[in-house]
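Student: Got a structure for you, structure.json, holding JSON, C-alpha atoms and all ligand atoms.
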```
[["chain", "number", "residue", "atom", "x", "y", "z"],
["A", 24, "GLU", "CA", 96.86, 95.67, 145.33],
["A", 25, "LEU", "CA", 98.13, 92.63, 143.49],
["A", 26, "GLU", "CA", 101.36, 93.08, 141.62],
["A", 27, "GLY", "CA", 102.97, 90.95, 138.96],
["A", 28, "GLU", "CA", 101.42, 88.93, 136.20],
["A", 29, "VAL", "CA", 101.57, 85.60, 138.03],
["A", 30, "ASP", "CA", 99.69, 86.96, 141.05],
["A", 31, "LYS", "CA", 97.07, 88.53, 138.82],
["A", 32, "ARG", "CA", 96.64, 85.36, 136.80],
["A", 33, "ASP", "CA", 96.29, 83.24, 139.96],
["A", 34, "PHE", "CA", 93.81, 85.72, 141.35],
["A", 35, "GLY", "CA", 91.86, 85.62, 138.10],
["A", 36, "ASN", "CA", 91.66, 81.82, 138.17],
["A", 37, "TRP", "CA", 90.61, 81.82, 141.81],
["A", 38, "LEU", "CA", 88.00, 84.52, 141.21],
["A", 39, "HIS", "CA", 86.44, 82.59, 138.31],
["A", 40, "GLU", "CA", 86.11, 79.61, 140.66],
["A", 41, "VAL", "CA", 84.58, 81.76, 143.41],
["A", 42, "LEU", "CA", 81.99, 83.25, 141.06],
["A", 43, "ASN", "CA", 81.08, 79.83, 139.69],
["A", 44, "HIS", "CA", 80.44, 78.50, 143.21],
["A", 45, "PHE", "CA", 78.59, 81.67, 144.20],
["A", 46, "HIS", "CA", 76.25, 81.71, 141.22],
["A", 47, "ALA", "CA", 75.52, 78.01, 141.53],
["A", 48, "ALA", "CA", 74.47, 78.62, 145.15],
["A", 49, "LEU", "CA", 72.47, 81.73, 144.27],
["A", 50, "LYS", "CA", 70.67, 79.93, 141.47],
["A", 51, "ALA", "CA", 69.74, 77.11, 143.85],
["A", 52, "ALA", "CA", 68.47, 79.57, 146.50],
["A", 53, "PRO", "CA", 67.72, 82.93, 144.83],
["A", 54, "THR", "CA", 67.67, 85.98, 147.06],
["A", 55, "PRO", "CA", 68.07, 89.73, 146.52],
["A", 56, "ASP", "CA", 69.17, 90.17, 150.14],
["A", 57, "ARG", "CA", 72.62, 91.73, 150.14],
["A", 58, "ARG", "CA", 73.66, 90.26, 153.49],
["A", 59, "VAL", "CA", 72.68, 86.75, 152.45],
["A", 60, "ARG", "CA", 74.52, 87.21, 149.14],
["A", 61, "ALA", "CA", 77.61, 88.43, 151.00],
["A", 62, "ALA", "CA", 77.48, 85.32, 153.19],
["A", 63, "MET", "CA", 77.06, 83.12, 150.10],
["A", 64, "ILE", "CA", 80.02, 84.64, 148.28],
["A", 65, "SER", "CA", 82.19, 84.27, 151.38],
["A", 66, "ILE", "CA", 81.32, 80.57, 151.52],
["A", 67, "ALA", "CA", 82.04, 80.38, 147.78],
["A", 68, "SER", "CA", 85.47, 81.92, 148.35],
["A", 69, "GLU", "CA", 86.27, 79.21, 150.90],
["A", 70, "GLN", "CA", 85.00, 76.50, 148.55],
["A", 71, "ALA", "CA", 87.15, 77.86, 145.71],
["A", 72, "THR", "CA", 90.22, 78.04, 147.95],
["A", 73, "HIS", "CA", 89.64, 74.45, 149.02],
["A", 74, "ALA", "CA", 88.85, 73.22, 145.48],
["A", 75, "MET", "CA", 92.07, 74.74, 144.18],
["A", 76, "GLY", "CA", 94.08, 73.24, 147.03],
["A", 77, "LEU", "CA", 95.25, 76.64, 148.28],
["A", 78, "SER", "CA", 96.60, 76.94, 151.82],
["A", 79, "GLU", "CA", 96.12, 80.00, 154.02],
["A", 80, "ALA", "CA", 99.60, 81.13, 153.00],
["A", 81, "ASP", "CA", 98.76, 80.67, 149.31],
["A", 82, "PHE", "CA", 95.66, 82.79, 149.77],
["A", 83, "LEU", "CA", 97.54, 85.59, 151.51],
["A", 84, "PRO", "CA", 98.28, 87.64, 148.35],
["A", 85, "PHE", "CA", 94.54, 87.63, 147.52],
["A", 86, "ALA", "CA", 93.30, 88.35, 151.05],
["A", 87, "ALA", "CA", 93.93, 92.10, 151.02],
["A", 88, "ALA", "CA", 92.23, 92.62, 147.64],
["A", 89, "TRP", "CA", 89.27, 90.34, 148.21],
["A", 90, "PRO", "CA", 86.93, 92.48, 150.43],
["A", 91, "ALA", "CA", 86.92, 95.36, 147.91],
["A", 92, "VAL", "CA", 86.52, 92.97, 144.97],
["A", 93, "ARG", "CA", 83.65, 91.16, 146.72],
["A", 94, "GLU", "CA", 81.74, 94.36, 147.54],
["A", 95, "GLY", "CA", 82.34, 95.79, 144.07],
["A", 96, "TYR", "CA", 81.09, 92.60, 142.47],
["A", 97, "LEU", "CA", 77.93, 92.46, 144.61],
["A", 98, "ASP", "CA", 77.20, 96.13, 143.79],
["A", 99, "TRP", "CA", 77.64, 95.39, 140.10],
["A", 100, "LEU", "CA", 75.44, 92.29, 140.26],
["A", 101, "SER", "CA", 72.49, 94.17, 141.81],
["A", 102, "ALA", "CA", 72.75, 96.91, 139.17],
["A", 103, "HIS", "CA", 73.15, 94.37, 136.36],
["A", 104, "GLU", "CA", 70.00, 92.54, 137.44],
["A", 105, "ALA", "CA", 68.00, 95.76, 137.96],
["A", 106, "ASP", "CA", 69.16, 97.70, 134.88],
["A", 107, "GLU", "CA", 69.38, 94.86, 132.37],
["A", 108, "GLY", "CA", 66.79, 92.47, 133.80],
["A", 109, "ALA", "CA", 69.47, 89.80, 133.50],
["A", 110, "VAL", "CA", 69.25, 86.47, 135.29],
["A", 111, "PHE", "CA", 72.21, 84.10, 135.66],
["A", 112, "GLU", "CA", 71.65, 80.94, 133.62],
["A", 113, "GLN", "CA", 74.86, 78.89, 133.52],
["A", 114, "ALA", "CA", 78.59, 79.05, 134.25],
["A", 115, "GLU", "CA", 81.40, 77.61, 132.16],
["A", 116, "PRO", "CA", 79.29, 75.74, 129.59],
["A", 117, "ARG", "CA", 81.38, 73.90, 127.02],
["A", 118, "LEU", "CA", 79.64, 74.51, 123.72],
["A", 119, "GLU", "CA", 80.08, 73.12, 120.24],
["A", 120, "GLN", "CA", 78.71, 74.36, 116.97],
["A", 121, "PRO", "CA", 79.06, 72.55, 113.64],
["A", 122, "LEU", "CA", 80.31, 74.79, 110.85],
["A", 123, "ASP", "CA", 80.78, 73.26, 107.45],
["A", 124, "ASP", "CA", 83.41, 70.52, 107.88],
["A", 125, "VAL", "CA", 84.60, 71.61, 111.33],
["A", 126, "ARG", "CA", 83.21, 72.10, 114.80],
["A", 127, "LEU", "CA", 83.65, 75.32, 116.73],
["A", 128, "VAL", "CA", 84.45, 74.46, 120.35],
["A", 129, "GLY", "CA", 84.76, 76.71, 123.38],
["A", 130, "ARG", "CA", 84.02, 77.21, 127.05],
["A", 131, "LEU", "CA", 82.25, 80.43, 128.04],
["A", 132, "ASP", "CA", 82.55, 82.02, 131.48],
["A", 133, "ARG", "CA", 78.84, 82.63, 131.86],
["A", 134, "ILE", "CA", 75.51, 83.06, 130.12],
["A", 135, "ASP", "CA", 72.69, 85.21, 131.54],
["A", 136, "ARG", "CA", 69.15, 85.46, 130.16],
["A", 137, "LEU", "CA", 67.47, 88.83, 129.61],
["A", 138, "GLN", "CA", 63.96, 88.78, 131.01],
["A", 139, "ALA", "CA", 62.63, 91.50, 128.69],
["A", 140, "ASP", "CA", 63.19, 89.73, 125.37],
["A", 141, "GLY", "CA", 64.67, 86.31, 126.22],
["A", 142, "ARG", "CA", 68.01, 87.03, 124.59],
["A", 143, "ALA", "CA", 71.20, 85.46, 125.91],
["A", 144, "TYR", "CA", 73.77, 87.75, 127.50],
["A", 145, "VAL", "CA", 77.24, 86.22, 127.18],
["A", 146, "ILE", "CA", 79.73, 87.30, 129.85],
["A", 147, "ASP", "CA", 83.49, 86.91, 129.98],
["A", 148, "TYR", "CA", 85.14, 87.89, 133.28],
["A", 149, "LYS", "CA", 88.33, 89.92, 133.12],
["A", 150, "THR", "CA", 90.69, 90.79, 135.96],
["A", 151, "GLU", "CA", 92.96, 92.93, 133.78],
["A", 152, "SER", "CA", 92.98, 96.75, 133.86],
["A", 153, "LEU", "CA", 89.72, 98.42, 132.89],
["A", 154, "ASP", "CA", 91.53, 100.17, 130.03],
["A", 155, "SER", "CA", 92.58, 96.79, 128.59],
["A", 156, "SER", "CA", 88.98, 95.58, 128.61],
["A", 157, "LYS", "CA", 87.80, 98.79, 126.95],
["A", 158, "GLN", "CA", 90.51, 98.40, 124.35],
["A", 159, "ARG", "CA", 89.15, 94.94, 123.45],
["A", 160, "VAL", "CA", 85.77, 96.28, 122.31],
["A", 161, "LYS", "CA", 87.06, 99.31, 120.40],
["A", 162, "GLU", "CA", 87.39, 97.47, 117.09],
["A", 163, "PRO", "CA", 84.42, 95.07, 116.94],
["A", 164, "PHE", "CA", 85.89, 93.05, 114.08],
["A", 165, "GLU", "CA", 89.14, 92.54, 116.01],
["A", 166, "ASP", "CA", 87.27, 91.46, 119.15],
["A", 167, "THR", "CA", 87.22, 87.83, 118.11],
["A", 168, "GLN", "CA", 86.79, 86.36, 121.60],
["A", 169, "LEU", "CA", 83.20, 87.50, 122.18],
["A", 170, "ALA", "CA", 82.40, 87.03, 118.50],
["A", 171, "PHE", "CA", 83.58, 83.42, 118.72],
["A", 172, "TYR", "CA", 81.56, 82.78, 121.87],
["A", 173, "ALA", "CA", 78.52, 84.24, 120.13],
["A", 174, "ALA", "CA", 79.10, 81.83, 117.24],
["A", 175, "LEU", "CA", 78.90, 78.92, 119.69],
["A", 176, "LEU", "CA", 75.30, 79.72, 120.62],
["A", 177, "ASP", "CA", 72.31, 78.69, 118.54],
["A", 178, "GLU", "CA", 70.77, 82.14, 118.91],
["A", 179, "ASP", "CA", 70.56, 84.68, 116.09],
["A", 180, "THR", "CA", 70.60, 87.73, 118.31],
["A", 181, "LEU", "CA", 72.25, 88.12, 121.68],
["A", 182, "ARG", "CA", 74.30, 90.52, 123.77],
["A", 183, "ALA", "CA", 77.84, 90.02, 125.01],
["A", 184, "ALA", "CA", 80.21, 91.83, 127.34],
["A", 185, "TYR", "CA", 83.43, 91.63, 129.28],
["A", 186, "VAL", "CA", 82.78, 92.07, 132.98],
["A", 187, "ASN", "CA", 85.86, 93.67, 134.44],
["A", 188, "VAL", "CA", 86.08, 92.52, 138.06],
["A", 189, "GLY", "CA", 88.36, 95.16, 139.48],
["A", 190, "GLU", "CA", 90.28, 95.32, 142.71],
["A", 191, "LYS", "CA", 90.48, 99.09, 142.60],
["A", 192, "ALA", "CA", 87.99, 101.89, 143.32],
["A", 193, "SER", "CA", 86.46, 101.43, 139.86],
["A", 194, "GLY", "CA", 84.91, 98.19, 141.18],
["A", 195, "THR", "CA", 83.27, 95.78, 138.73],
["A", 196, "GLN", "CA", 82.20, 97.21, 135.40],
["A", 197, "THR", "CA", 80.49, 95.98, 132.25],
["A", 198, "VAL", "CA", 82.32, 96.60, 128.98],
["A", 199, "GLU", "CA", 79.81, 95.60, 126.34],
["A", 200, "GLN", "CA", 80.60, 94.68, 122.74],
["A", 201, "THR", "CA", 77.57, 96.33, 121.17],
["A", 202, "GLU", "CA", 78.43, 95.05, 117.68],
["A", 203, "VAL", "CA", 78.73, 91.40, 118.67],
["A", 204, "VAL", "CA", 76.17, 90.08, 116.16],
["A", 205, "ALA", "CA", 77.89, 91.79, 113.20],
["A", 206, "ALA", "CA", 81.31, 90.72, 114.52],
["A", 207, "ARG", "CA", 80.10, 87.11, 114.87],
["A", 208, "ASP", "CA", 78.70, 87.05, 111.34],
["A", 209, "ALA", "CA", 81.95, 88.45, 109.95],
["A", 210, "LEU", "CA", 84.02, 85.95, 111.95],
["A", 211, "VAL", "CA", 81.99, 82.96, 110.76],
["A", 212, "GLU", "CA", 82.20, 84.19, 107.18],
["A", 213, "GLY", "CA", 85.97, 84.66, 107.60],
["A", 214, "ILE", "CA", 86.45, 81.16, 109.03],
["A", 215, "LEU", "CA", 84.48, 79.60, 106.16],
["A", 216, "HIS", "CA", 86.45, 81.63, 103.64],
["A", 217, "ASP", "CA", 89.80, 80.69, 105.20],
["A", 218, "LEU", "CA", 88.90, 77.00, 105.45],
["A", 219, "ARG", "CA", 87.84, 76.98, 101.82],
["A", 220, "ARG", "CA", 91.16, 78.53, 100.82],
["A", 221, "ILE", "CA", 93.15, 76.15, 103.00],
["A", 222, "GLY", "CA", 91.30, 73.27, 101.37],
["A", 223, "GLU", "CA", 92.40, 74.63, 98.01],
["A", 224, "GLY", "CA", 96.03, 74.60, 99.19],
["A", 225, "ALA", "CA", 96.44, 78.28, 100.08],
["A", 226, "ALA", "CA", 99.46, 79.28, 102.16],
["A", 227, "MET", "CA", 98.90, 80.09, 105.84],
["A", 228, "PRO", "CA", 101.03, 83.10, 106.75],
["A", 229, "ALA", "CA", 101.50, 83.66, 110.49],
["A", 230, "LEU", "CA", 99.21, 86.63, 111.12],
["A", 231, "GLY", "CA", 99.47, 86.97, 114.89],
["A", 232, "GLU", "CA", 101.32, 89.85, 116.47],
["A", 233, "GLY", "CA", 102.55, 90.93, 119.87],
["A", 234, "ALA", "CA", 101.57, 89.38, 123.19],
["A", 235, "VAL", "CA", 99.11, 86.92, 121.67],
["A", 236, "CYS", "CA", 101.99, 84.94, 120.14],
["A", 237, "GLU", "CA", 103.67, 84.57, 123.54],
["A", 238, "PHE", "CA", 100.75, 82.55, 124.90],
["A", 239, "CYS", "CA", 99.71, 80.79, 121.71],
["A", 240, "ALA", "CA", 99.76, 77.00, 121.80],
["A", 241, "ALA", "CA", 100.27, 76.91, 118.03],
["A", 242, "ARG", "CA", 103.60, 78.74, 118.13],
["A", 243, "GLY", "CA", 106.05, 76.59, 116.30],
["A", 244, "LEU", "CA", 103.29, 75.01, 114.26],
["A", 245, "CYS", "CA", 102.66, 78.28, 112.44],
["A", 246, "ARG", "CA", 106.43, 78.81, 112.04],
["A", 247, "LYS", "CA", 106.06, 82.49, 112.79],
["A", 248, "ASP", "CA", 109.65, 82.57, 113.96],
["A", 249, "PHE", "CA", 110.82, 81.49, 110.51],
["A", 250, "TRP", "CA", 108.72, 83.83, 108.41],
["A", 251, "SER", "CA", 110.09, 86.91, 106.77],
["A", 252, "ASP", "CA", 108.65, 89.20, 104.14],
["A", 253, "ASP", "CA", 110.43, 87.40, 101.31],
["A", 254, "ALA", "CA", 110.20, 83.87, 102.68],
["A", 255, "ALA", "CA", 108.43, 81.33, 100.51],
["A", 256, "PRO", "CA", 104.83, 80.82, 101.67],
["A", 257, "LEU", "CA", 104.11, 77.70, 103.64],
["A", 258, "CYS", "CA", 101.32, 75.44, 102.59],
["A", 259, "THR", "CA", 99.15, 73.44, 104.97],
["A", 260, "PRO", "CA", 96.55, 71.83, 102.77],
["A", 261, "SER", "CA", 94.95, 69.49, 105.29],
["A", 262, "GLY", "CA", 92.44, 72.14, 106.35],
["A", 263, "ARG", "CA", 92.52, 70.82, 109.90],
["A", 264, "VAL", "CA", 92.98, 73.31, 112.71],
["A", 265, "THR", "CA", 93.01, 71.79, 116.16],
["A", 266, "GLN", "CA", 91.92, 73.29, 119.45],
["A", 267, "PRO", "CA", 94.81, 74.57, 121.60],
["A", 268, "PRO", "CA", 95.16, 72.85, 125.00],
["A", 269, "GLU", "CA", 93.04, 74.31, 127.76],
["A", 270, "GLY", "CA", 94.66, 77.05, 129.79],
["A", 271, "GLU", "CA", 96.64, 78.53, 126.97],
["A", 272, "ALA", "CA", 95.34, 81.39, 124.95],
["A", 273, "GLY", "CA", 95.33, 81.53, 121.21],
["A", 274, "ARG", "CA", 93.55, 83.38, 118.49],
["A", 275, "LEU", "CA", 92.91, 82.51, 114.91],
["A", 276, "ARG", "CA", 93.78, 85.88, 113.51],
["A", 277, "GLY", "CA", 95.63, 88.81, 115.10],
["A", 278, "GLY", "CA", 94.22, 90.77, 118.05],
["A", 279, "GLN", "CA", 94.90, 90.29, 121.74],
["A", 280, "ALA", "CA", 94.50, 87.39, 124.11],
["A", 281, "ALA", "CA", 94.96, 87.26, 127.86],
["A", 282, "ALA", "CA", 96.69, 84.46, 129.68],
["A", 283, "GLU", "CA", 93.66, 83.65, 131.83],
["A", 284, "ASP", "CA", 91.40, 83.04, 128.86],
["A", 285, "THR", "CA", 90.33, 79.56, 127.97],
["A", 286, "PRO", "CA", 90.74, 79.57, 124.23],
["A", 287, "PRO", "CA", 88.02, 78.70, 121.81],
["A", 288, "GLY", "CA", 89.12, 76.81, 118.75],
["A", 289, "LEU", "CA", 88.31, 74.67, 115.78],
["A", 290, "GLU", "CA", 88.28, 70.92, 115.58],
["A", 291, "GLY", "CA", 88.09, 68.74, 112.51],
["A", 292, "ARG", "CA", 84.88, 66.73, 112.53],
["A", 293, "SER", "CA", 85.54, 63.26, 113.86],
["B", 301, "LIG", "S1", 98.97, 83.81, 117.20],
["B", 301, "LIG", "FE1", 99.90, 81.75, 117.29],
["B", 301, "LIG", "S2", 99.50, 80.86, 115.27],
["B", 301, "LIG", "FE2", 99.21, 83.10, 115.07],
["B", 301, "LIG", "S3", 101.23, 83.89, 114.45],
["B", 301, "LIG", "FE3", 101.17, 84.01, 116.69],
["B", 301, "LIG", "S4", 102.13, 82.10, 117.40],
["B", 301, "LIG", "FE4", 101.58, 81.81, 115.24]]
```
How would this structure read if it were set down as structure tokens?
Ligand code: SF4

Tutor:
Amino acid sequence: ELEGEVDKRDFGNWLHEVLNHFHAALKAAPTPDRRVRAAMISIASEQATHAMGLSEADFLPFAAAWPAVREGYLDWLSAHEADEGAVFEQAEPRLEQPLDDVRLVGRLDRIDRLQADGRAYVIDYKTESLDSSKQRVKEPFEDTQLAFYAALLDEDTLRAAYVNVGEKASGTQTVEQTEVVAARDALVEGILHDLRRIGEGAAMPALGEGAVCEFCAARGLCRKDFWSDDAAPLCTPSGRVTQPPEGEAGRLRGGQAAAEDTPPGLEGRS
């Protein structure tokens, strides 16, 4: 079992790379054969290790966890394809969506296509505890990550889920956000409302709380550390919110963010 946040984060990054290589290979040469898939994912693991410049010693902390993760993921994939009729479509697409005077920008882990009705199925891989993933979907209107990803697609209706790739007996599990369309609509409405108010000169109180602020690239800019209940409100009338640098997590409003997430964001139209 991996211990410590750094190990887990490294493992998460490596695993994302493995799954990207694996699904690219599987898309190029589709097969339901479990043994062939196992061989493909093993090759993908070597490609990811090489691509990330990891030595055998670097890989050592992952080596013990990998066989169980690999088998759990392949089990999950077969069930996901059979139960949902989902087919892998693309990995890590960088998407943009114009919204009023700004562009929404983000990189998704993966998009599948549902054969039954043609809807997109947005997937975000998580290597955190299963409880943490379940916690994310409890309050749909606080689950801004999947809502934001949904806003990046051109499609009115879609499905979206966290896929918790576990190293424990629980294996890989889907944690679906069943209210993603309503959450997306509310998020877009909220962004438009906030941008309108910012344009009118409204103050921008620092709304983030807890762990999200520790990883946020905008810390300092929001002056959270200088706010108090009776402090005079700050005013940022430019209405321009920039995308945080890749690799650091940030959220527009409250909620949680994990260190391995690539953050979505807003960019002023150029
Ligand atoms: S999430 Fe970022 S921008 Fe929001 S209050 Fe925390 S540090 Fe500031």

Student: What's around Ala102 of chain A at 12 Å? Count all atoms listed in the file, leave out sequence neighbours fewer than 6 positions away in its own chain, and write the answer as a list in words.

Tutor: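 The residues satisfying every condition are Pro55, Gly95, Tyr96, Gly108, Ala109, Val110, Thr195, Gln196 and Thr197 of chain A.
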
Student: With only C-alpha atoms and all ligand atoms counted, collect every polymer residue having an atom within 6 Å of ligand LIG 301 (chain B); state the result as a PyMOL selection string.

Tutor: chain A and resi 229-232+235-236+239+241-242+245+247+273-274

Student: If we draw a sphere of 8 Å around (78.8, 77.6, 118.3), which residues have at least one atom in it when counting all atoms listed in the file? Please report them as JSON, numbers by chain.

Tutor: {"A": [118, 119, 120, 121, 126, 127, 128, 129, 171, 172, 173, 174, 175, 176, 177]}

Student: Please produce a file of those selected residues containing C-alpha atoms, as a compact mmCIF listing (two decimals), keeping the file's coordinate frame.

Tutor:
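Saved as result30.txt:
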```txt
# COMPACT_ATOMS: atom_id res chain seq x y z
CA LEU A 118 79.64 74.51 123.72
CA GLU A 119 80.08 73.12 120.24
CA GLN A 120 78.71 74.36 116.97
CA PRO A 121 79.06 72.55 113.64
CA ARG A 126 83.21 72.10 114.80
CA LEU A 127 83.65 75.32 116.73
CA VAL A 128 84.45 74.46 120.35
CA GLY A 129 84.76 76.71 123.38
CA PHE A 171 83.58 83.42 118.72
CA TYR A 172 81.56 82.78 121.87
CA ALA A 173 78.52 84.24 120.13
CA ALA A 174 79.10 81.83 117.24
CA LEU A 175 78.90 78.92 119.69
CA LEU A 176 75.30 79.72 120.62
CA ASP A 177 72.31 78.69 118.54
```

Student: Which residue out of A:Asp123, A:Glu190, A:Glu165, A:Asp132 has the minimum interatomic distance to Pro90 of chain A when only C-alpha atoms are used?

Tutor: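 Of A:Asp123, A:Glu190, A:Glu165, A:Asp132, the one nearest Pro90 of chain A is A:Glu190, counting only C-alpha atoms.
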
Student: Counting only C-alpha atoms, which residue out of A:Leu122, A:Ser156, A:Thr201, A:Glu104 sits closest to Gly213 of chain A?

Tutor: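 When distances to Gly213 of chain A are compared using only C-alpha atoms, the smallest one comes from A:Leu122.
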
Student: Since the input lacks some atoms of segment 197-208 of chain A, please model N, CA and C atoms and print them as a PDB file, in the coordinates of the input.

Tutor:
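Contents of the output file out_20.pdb:
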```pdb
ATOM      1  N   THR A 197      80.823  96.647 133.498  1.00  0.00           N
ATOM      2  CA  THR A 197      80.490  95.980 132.250  1.00  0.00           C
ATOM      3  C   THR A 197      81.122  96.734 131.088  1.00  0.00           C
ATOM      4  N   VAL A 198      81.781  96.001 130.214  1.00  0.00           N
ATOM      5  CA  VAL A 198      82.320  96.600 128.980  1.00  0.00           C
ATOM      6  C   VAL A 198      81.689  95.818 127.834  1.00  0.00           C
ATOM      7  N   GLU A 199      80.597  96.357 127.317  1.00  0.00           N
ATOM      8  CA  GLU A 199      79.810  95.600 126.340  1.00  0.00           C
ATOM      9  C   GLU A 199      80.360  95.739 124.914  1.00  0.00           C
ATOM     10  N   GLN A 200      80.308  94.638 124.184  1.00  0.00           N
ATOM     11  CA  GLN A 200      80.600  94.680 122.740  1.00  0.00           C
ATOM     12  C   GLN A 200      79.241  94.834 122.049  1.00  0.00           C
ATOM     13  N   THR A 201      78.903  96.070 121.703  1.00  0.00           N
ATOM     14  CA  THR A 201      77.570  96.330 121.170  1.00  0.00           C
ATOM     15  C   THR A 201      77.387  95.805 119.739  1.00  0.00           C
ATOM     16  N   GLU A 202      78.505  95.512 119.075  1.00  0.00           N
ATOM     17  CA  GLU A 202      78.430  95.050 117.680  1.00  0.00           C
ATOM     18  C   GLU A 202      78.665  93.543 117.580  1.00  0.00           C
ATOM     19  N   VAL A 203      78.335  92.810 118.648  1.00  0.00           N
ATOM     20  CA  VAL A 203      78.730  91.400 118.670  1.00  0.00           C
ATOM     21  C   VAL A 203      78.080  90.568 117.559  1.00  0.00           C
ATOM     22  N   VAL A 204      76.846  90.892 117.196  1.00  0.00           N
ATOM     23  CA  VAL A 204      76.170  90.080 116.160  1.00  0.00           C
ATOM     24  C   VAL A 204      76.870  90.276 114.803  1.00  0.00           C
ATOM     25  N   ALA A 205      77.178  91.528 114.464  1.00  0.00           N
ATOM     26  CA  ALA A 205      77.890  91.790 113.200  1.00  0.00           C
ATOM     27  C   ALA A 205      79.284  91.180 113.235  1.00  0.00           C
ATOM     28  N   ALA A 206      79.952  91.282 114.400  1.00  0.00           N
ATOM     29  CA  ALA A 206      81.310  90.720 114.520  1.00  0.00           C
ATOM     30  C   ALA A 206      81.263  89.201 114.388  1.00  0.00           C
ATOM     31  N   ARG A 207      80.243  88.575 114.980  1.00  0.00           N
ATOM     32  CA  ARG A 207      80.100  87.110 114.870  1.00  0.00           C
ATOM     33  C   ARG A 207      79.891  86.705 113.417  1.00  0.00           C
ATOM     34  N   ASP A 208      78.985  87.406 112.728  1.00  0.00           N
ATOM     35  CA  ASP A 208      78.700  87.050 111.340  1.00  0.00           C
ATOM     36  C   ASP A 208      79.960  87.169 110.476  1.00  0.00           C
TER      37      ASP A 208
END
```
